[in-house]
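Reproduced below: model05.cif, with mmCIF, C-alpha atoms.
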```cif
data_data
#
loop_
_atom_site.label_atom_id
_atom_site.label_comp_id
_atom_site.auth_asym_id
_atom_site.auth_seq_id
_atom_site.Cartn_x
_atom_site.Cartn_y
_atom_site.Cartn_z
CA GLN A 1309 96.80 83.65 85.17
CA LYS A 1310 96.86 87.24 86.34
CA GLU A 1311 98.96 89.63 84.28
CA VAL A 1312 100.96 90.80 87.31
CA GLU A 1313 101.09 88.65 90.42
CA GLN A 1314 102.35 89.39 93.89
CA ASN A 1315 102.05 87.51 97.16
CA SER A 1316 99.52 89.40 99.23
CA GLY A 1317 101.39 88.72 102.45
CA PRO A 1318 101.61 89.90 105.06
CA LEU A 1319 105.35 89.52 104.92
CA SER A 1320 106.75 89.99 108.39
CA VAL A 1321 110.45 90.71 109.00
CA PRO A 1322 112.37 91.87 112.06
CA GLU A 1323 113.93 95.31 112.12
CA GLY A 1324 117.34 95.33 110.46
CA ALA A 1325 116.62 92.29 108.26
CA ILE A 1326 116.36 92.13 104.46
CA ALA A 1327 112.83 92.14 103.10
CA SER A 1328 112.38 90.45 99.73
CA LEU A 1329 109.31 91.23 97.63
CA ASN A 1330 108.56 89.41 94.40
CA CYS A 1331 106.46 90.08 91.35
CA THR A 1332 105.85 87.94 88.24
CA TYR A 1333 104.32 89.09 84.98
CA SER A 1334 102.86 87.36 81.96
CA ASP A 1335 103.54 89.70 79.00
CA ARG A 1336 106.99 88.84 77.59
CA GLY A 1337 107.08 92.11 75.68
CA SER A 1338 106.95 94.22 78.84
CA GLN A 1339 109.71 96.78 78.97
CA SER A 1340 109.23 98.91 82.08
CA PHE A 1341 108.88 97.82 85.68
CA PHE A 1342 108.06 99.91 88.70
CA TRP A 1343 107.85 99.50 92.46
CA TYR A 1344 105.58 101.74 94.49
CA ARG A 1345 105.10 102.01 98.24
CA GLN A 1346 101.68 102.79 99.65
CA TYR A 1347 101.05 103.61 103.28
CA SER A 1348 97.58 102.98 104.63
CA GLY A 1349 95.23 105.76 103.59
CA LYS A 1350 97.82 107.40 101.33
CA SER A 1351 98.52 107.35 97.61
CA PRO A 1352 101.25 105.21 95.98
CA GLU A 1353 104.76 106.64 95.96
CA LEU A 1354 107.32 105.60 93.35
CA ILE A 1355 110.37 103.87 94.83
CA MET A 1356 112.18 102.34 91.89
CA SER A 1357 111.96 101.91 88.16
CA ILE A 1358 113.97 99.33 86.24
CA TYR A 1359 114.18 98.69 82.52
CA SER A 1360 117.16 96.35 81.96
CA ASN A 1361 118.02 92.90 83.25
CA GLY A 1362 120.08 92.88 86.40
CA ASP A 1363 120.16 94.89 89.60
CA LYS A 1364 119.52 98.54 90.26
CA GLU A 1365 120.37 99.97 93.65
CA ASP A 1366 119.10 103.14 95.32
CA GLY A 1367 120.00 103.53 98.96
CA ARG A 1368 118.56 100.62 100.93
CA PHE A 1369 116.47 99.49 97.95
CA THR A 1370 117.56 97.14 95.18
CA ALA A 1371 115.36 96.18 92.27
CA GLN A 1372 116.20 93.00 90.35
CA LEU A 1373 114.85 92.19 86.90
CA ASN A 1374 114.98 88.87 85.10
CA LYS A 1375 113.11 89.10 81.81
CA ALA A 1376 113.80 85.50 80.84
CA SER A 1377 112.04 84.28 83.96
CA GLN A 1378 109.55 87.15 83.90
CA TYR A 1379 110.01 88.34 87.41
CA VAL A 1380 111.04 91.49 89.15
CA SER A 1381 111.90 91.75 92.82
CA LEU A 1382 112.55 94.45 95.40
CA LEU A 1383 115.00 94.01 98.23
CA ILE A 1384 114.91 96.31 101.23
CA ARG A 1385 118.08 96.14 103.31
CA ASP A 1386 118.21 97.12 106.98
CA SER A 1387 114.41 97.16 107.14
CA GLN A 1388 112.89 99.79 109.40
CA PRO A 1389 109.43 99.96 110.99
CA SER A 1390 108.79 102.95 108.72
CA ASP A 1391 109.06 100.55 105.74
CA SER A 1392 105.84 98.88 106.88
CA ALA A 1393 103.48 99.47 103.97
CA THR A 1394 101.98 97.81 100.92
CA TYR A 1395 104.36 97.48 97.98
CA LEU A 1396 102.85 97.58 94.52
CA CYS A 1397 104.48 96.21 91.40
CA ALA A 1398 103.54 97.79 88.05
CA VAL A 1399 104.50 96.55 84.61
CA ASN A 1400 103.86 98.26 81.31
CA LYS A 1401 101.81 96.32 78.79
CA ALA A 1402 103.52 96.06 75.44
CA GLY A 1403 101.92 96.75 72.09
CA ASN A 1404 99.63 99.45 70.82
CA ASN A 1405 97.45 99.41 73.92
CA ARG A 1406 100.29 100.28 76.28
CA LYS A 1407 99.34 100.96 79.83
CA LEU A 1408 100.56 100.04 83.28
CA ILE A 1409 99.29 96.78 84.75
CA TRP A 1410 99.28 96.64 88.53
CA GLY A 1411 99.70 93.83 91.00
CA LEU A 1412 97.49 93.76 94.08
CA GLY A 1413 100.43 94.49 96.33
CA THR A 1414 102.35 92.81 99.13
CA SER A 1415 101.82 93.97 102.68
CA LEU A 1416 105.10 94.29 104.59
CA ALA A 1417 105.33 94.53 108.38
CA VAL A 1418 108.69 95.33 109.95
CA ASN A 1419 108.70 94.45 113.61
CA PRO A 1420 110.84 96.44 116.07
CA LYS B 1204 108.45 121.63 91.59
CA ALA B 1205 104.87 121.17 92.71
CA GLY B 1206 103.43 117.69 92.71
CA VAL B 1207 100.12 116.39 91.47
CA THR B 1208 97.12 118.04 93.04
CA GLN B 1209 93.63 116.64 93.29
CA THR B 1210 90.45 118.32 94.42
CA PRO B 1211 88.41 117.80 96.40
CA ARG B 1212 90.14 115.49 98.85
CA TYR B 1213 86.93 114.11 100.31
CA LEU B 1214 83.40 113.86 98.98
CA ILE B 1215 80.18 112.44 100.32
CA LYS B 1216 77.37 111.92 97.84
CA THR B 1217 74.13 109.99 97.69
CA ARG B 1218 73.09 107.38 95.18
CA GLY B 1219 71.96 108.80 91.87
CA GLN B 1220 73.97 111.99 92.14
CA GLN B 1221 76.90 112.84 89.93
CA VAL B 1222 80.39 113.97 90.85
CA THR B 1223 83.32 115.70 89.16
CA LEU B 1224 86.88 115.26 90.33
CA SER B 1225 89.80 117.41 89.25
CA CYS B 1226 93.50 116.72 88.77
CA SER B 1227 96.37 119.07 87.98
CA PRO B 1228 99.51 117.23 86.83
CA ILE B 1229 103.12 118.08 87.51
CA SER B 1230 104.23 121.06 85.46
CA GLY B 1231 105.46 119.85 82.08
CA HIS B 1232 103.64 116.52 82.29
CA ARG B 1233 101.07 116.02 79.56
CA SER B 1234 99.67 112.62 80.46
CA VAL B 1235 97.11 112.00 83.16
CA SER B 1236 95.82 108.59 84.20
CA TRP B 1237 92.91 107.92 86.53
CA TYR B 1238 92.55 104.92 88.82
CA GLN B 1239 89.96 103.60 91.23
CA GLN B 1240 91.24 101.85 94.32
CA THR B 1241 89.10 99.74 96.62
CA PRO B 1242 90.16 97.26 99.31
CA GLY B 1243 90.81 93.88 97.75
CA GLN B 1244 90.55 95.14 94.16
CA GLY B 1245 93.78 97.03 93.94
CA LEU B 1246 94.33 99.79 91.43
CA GLN B 1247 91.79 99.64 88.64
CA PHE B 1248 92.65 101.68 85.55
CA LEU B 1249 89.92 104.04 84.39
CA PHE B 1250 91.44 106.01 81.52
CA GLU B 1251 94.47 107.90 80.32
CA TYR B 1252 94.59 111.26 78.60
CA PHE B 1253 97.42 112.79 76.62
CA SER B 1254 97.26 116.09 74.77
CA GLU B 1255 93.51 116.35 75.37
CA THR B 1256 92.88 112.92 73.79
CA GLN B 1257 91.82 109.76 75.55
CA ARG B 1258 94.60 107.30 74.78
CA ASN B 1259 93.39 104.32 76.75
CA LYS B 1260 90.34 103.17 78.63
CA GLY B 1261 89.73 100.53 81.28
CA ASN B 1262 86.71 98.29 81.76
CA PHE B 1263 84.35 100.67 83.48
CA PRO B 1264 80.77 101.53 82.51
CA GLY B 1265 79.97 104.63 80.54
CA ARG B 1266 78.93 106.41 83.74
CA PHE B 1267 82.63 107.09 84.17
CA SER B 1268 83.98 109.72 81.83
CA GLY B 1269 86.83 112.14 81.68
CA ARG B 1270 88.45 114.92 79.75
CA GLN B 1271 91.66 116.86 79.58
CA PHE B 1272 92.13 120.53 78.98
CA SER B 1273 94.78 122.35 76.98
CA ASN B 1274 96.76 123.08 80.17
CA SER B 1275 96.86 119.30 80.85
CA ARG B 1276 94.50 119.54 83.81
CA SER B 1277 92.02 116.70 83.80
CA GLU B 1278 88.61 116.02 85.20
CA MET B 1279 86.70 112.82 85.66
CA ASN B 1280 82.95 112.58 86.08
CA VAL B 1281 80.82 109.83 87.51
CA SER B 1282 77.12 110.05 86.83
CA THR B 1283 74.28 108.21 88.58
CA LEU B 1284 76.42 107.21 91.52
CA GLU B 1285 76.10 103.75 92.97
CA LEU B 1286 77.13 102.48 96.40
CA GLY B 1287 79.89 100.46 94.76
CA ASP B 1288 81.50 103.65 93.46
CA SER B 1289 82.76 104.42 96.96
CA ALA B 1290 86.52 104.33 96.58
CA LEU B 1291 89.75 106.27 96.52
CA TYR B 1292 90.15 107.91 93.11
CA LEU B 1293 93.74 108.51 92.16
CA CYS B 1294 95.21 110.63 89.44
CA ALA B 1295 98.71 109.94 88.13
CA SER B 1296 100.82 112.30 86.08
CA SER B 1297 103.55 111.37 83.62
CA PHE B 1298 105.59 113.06 80.92
CA ARG B 1299 104.44 110.68 78.19
CA PRO B 1300 101.64 108.14 77.99
CA GLY B 1301 101.75 104.38 77.85
CA GLY B 1302 103.99 103.45 80.75
CA THR B 1303 107.07 102.57 78.71
CA TYR B 1304 110.19 104.14 80.27
CA ASN B 1305 107.73 106.50 81.81
CA GLU B 1306 107.18 106.95 85.53
CA GLN B 1307 103.82 107.88 86.95
CA PHE B 1308 103.47 110.15 89.96
CA PHE B 1309 100.33 110.09 92.03
CA GLY B 1310 98.28 112.80 93.59
CA PRO B 1311 96.88 112.43 97.13
CA GLY B 1312 93.57 111.09 95.83
CA THR B 1313 89.92 111.91 96.33
CA ARG B 1314 88.05 109.76 98.82
CA LEU B 1315 84.48 109.36 97.54
CA THR B 1316 81.79 107.96 99.78
CA VAL B 1317 78.38 107.18 98.29
CA LEU B 1318 75.53 106.83 100.77
#
```
Show how you would write the structure in this file as structure tokens.
Amino acid sequence: QKEVEQNSGPLSVPEGAIASLNCTYSDRGSQSFFWYRQYSGKSPELIMSIYSNGDKEDGRFTAQLNKASQYVSLLIRDSQPSDSATYLCAVNKAGNNRKLIWGLGTSLAVNP
Amino acid sequence: KAGVTQTPRYLIKTRGQQVTLSCSPISGHRSVSWYQQTPGQGLQFLFEYFSETQRNKGNFPGRFSGRQFSNSRSEMNVSTLELGDSALYLCASSFRPGGTYNEQFFGPGTRLTVL
């Protein structure tokens, strides 16, 4: 089992729809969860961070964390073609050897 | 405030050569992490430096090394380059190390091509 898993996609949604991206993780002691967006040929850009169970909203983005089920999701409302990118989930590894563990990313395509 | 800067942005080297990449973190950030990104492999963690000390290291051969200076700027070096070292090398800056309650911000990356 990979430490952080994401569906590779591509996830295809029509413009204006809600895009739902999911991420599961294996380390129950993880405390910090991050979503990054990466356009082709560019570096990752931080979209959201979430540390507590529940929802966190920022504009069209909502991150949802469920530690009991060990998943974190990102919802993008009113999806736009400019949201087409790869979305990376990162989870901190608990314990003395703390570092971020990265998923391979989900490719999102928003169709006009 | 200024973001993370990386130099050079592009490099072309031949097998057997060595290369040094540089990263300047966001002002006030003392932690720098380095990643290698290749298609299909995702972000592979190389190492993390905080206050001039290597705090963490990924599973890369000893040809990959790094250091951090007192002004928090960091360099990474790859010796005896191999074709498989062709990748995007990313530097990420954060206030503290370890990833807990601690966001990382990426530089634009250095695209290394080994011929």
Open item on the list: Would you compute the distance between atom CA of B:Gly1312 and atom CA of B:Tyr1292? Give it in Å to one decimal.
Closed with: 5.4 Å
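Minimum atom-to-atom distances from A:Val1399, A:Val1418, A:Leu1319, A:Ile1326 to A:Thr1370 were compared using only C-alpha atoms, and the lowest value belongs to A:Ile1326.
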Open item on the list: What's around stretch 1273-1281 of chain B at 7 Å? Count all atoms listed in the file, leave out sequence neighbours fewer than 5 positions away in its own chain, and write the answer as a list in words.
Closed with: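 After dropping sequence-adjacent residues, the list is Gln1221, Val1222, Thr1223, Leu1224, Ser1225, Cys1226, Ser1227, Pro1228, Arg1233, Val1235, Ser1254, Glu1255, Arg1266, Phe1267 and Ser1268 of chain B.
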Task: Residue nearest chain B among A:Ala1398, A:Leu1408, A:Val1321, A:Leu1373 (counting all atoms listed in the file) - done: A:Leu1408
- [ ] Determine which residues of chain B sit within 12 Å of chain A, taking into account all atoms listed in the file, and present them as a PyMOL selection string.
- [x] chain B and resi 1206-1209+1212+1234-1252+1257-1261+1290-1297+1299-1314
Task: Between atom CA of B:Asp1288 and atom CA of B:Gly1269 - distance in Å to one decimal - done: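 According to the coordinates, atom CA of B:Gly1269 and atom CA of B:Asp1288 are separated by 15.5 Å.
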- [ ] Decode the PyMOL selection byres ((chain A and resi 1369) around 7) for the given file into explicit residues and return them as an NGL selection string.
- [x] :A and (1365-1368 or 1370-1371 or 1382-1385)
- [ ] Could you jot down the atom CA of B:His1232 to atom CA of A:Ala1393 separation for me, Å, one decimal place?
- [x]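 Answer for the atom CA of B:His1232 to atom CA of A:Ala1393 separation: 27.6 Å.
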Quick one: stretch 1216-1229 of chain B from the block, N, CA and C atoms, as a CSV table (one decimal), in the first residue's frame.
```
chain,number,residue,atom,x,y,z
B,1216,LYS,N,23.8,19.0,-19.5
B,1216,LYS,CA,25.1,18.5,-19.2
B,1216,LYS,C,25.2,17.1,-19.9
B,1217,THR,N,26.5,16.6,-19.9
B,1217,THR,CA,26.7,15.3,-20.4
B,1217,THR,C,27.0,14.3,-19.3
B,1218,ARG,N,26.9,13.1,-19.6
B,1218,ARG,CA,27.1,12.0,-18.6
B,1218,ARG,C,28.5,12.1,-18.0
B,1219,GLY,N,28.6,11.9,-16.7
B,1219,GLY,CA,29.9,12.0,-16.1
B,1219,GLY,C,30.2,13.4,-15.5
B,1220,GLN,N,29.6,14.4,-16.0
B,1220,GLN,CA,29.8,15.7,-15.4
B,1220,GLN,C,29.1,15.9,-14.1
B,1221,GLN,N,29.4,17.0,-13.4
B,1221,GLN,CA,28.7,17.3,-12.2
B,1221,GLN,C,28.0,18.6,-12.3
B,1222,VAL,N,27.0,18.8,-11.4
B,1222,VAL,CA,26.2,20.0,-11.5
B,1222,VAL,C,25.9,20.5,-10.1
B,1223,THR,N,25.8,21.9,-10.0
B,1223,THR,CA,25.4,22.5,-8.7
B,1223,THR,C,24.2,23.4,-9.0
B,1224,LEU,N,23.1,23.2,-8.2
B,1224,LEU,CA,21.9,24.0,-8.3
B,1224,LEU,C,21.8,24.8,-7.1
B,1225,SER,N,21.2,26.0,-7.2
B,1225,SER,CA,21.1,26.9,-6.1
B,1225,SER,C,19.6,27.3,-5.8
B,1226,CYS,N,19.3,27.5,-4.5
B,1226,CYS,CA,18.0,27.9,-4.1
B,1226,CYS,C,18.1,28.9,-3.0
B,1227,SER,N,17.3,30.0,-3.2
B,1227,SER,CA,17.2,31.0,-2.2
B,1227,SER,C,15.8,31.0,-1.7
B,1228,PRO,N,15.6,30.7,-0.4
B,1228,PRO,CA,14.2,30.6,0.2
B,1228,PRO,C,13.6,32.0,0.4
B,1229,ILE,N,12.3,31.9,0.7
B,1229,ILE,CA,11.5,33.1,1.1
B,1229,ILE,C,12.2,33.7,2.3
```
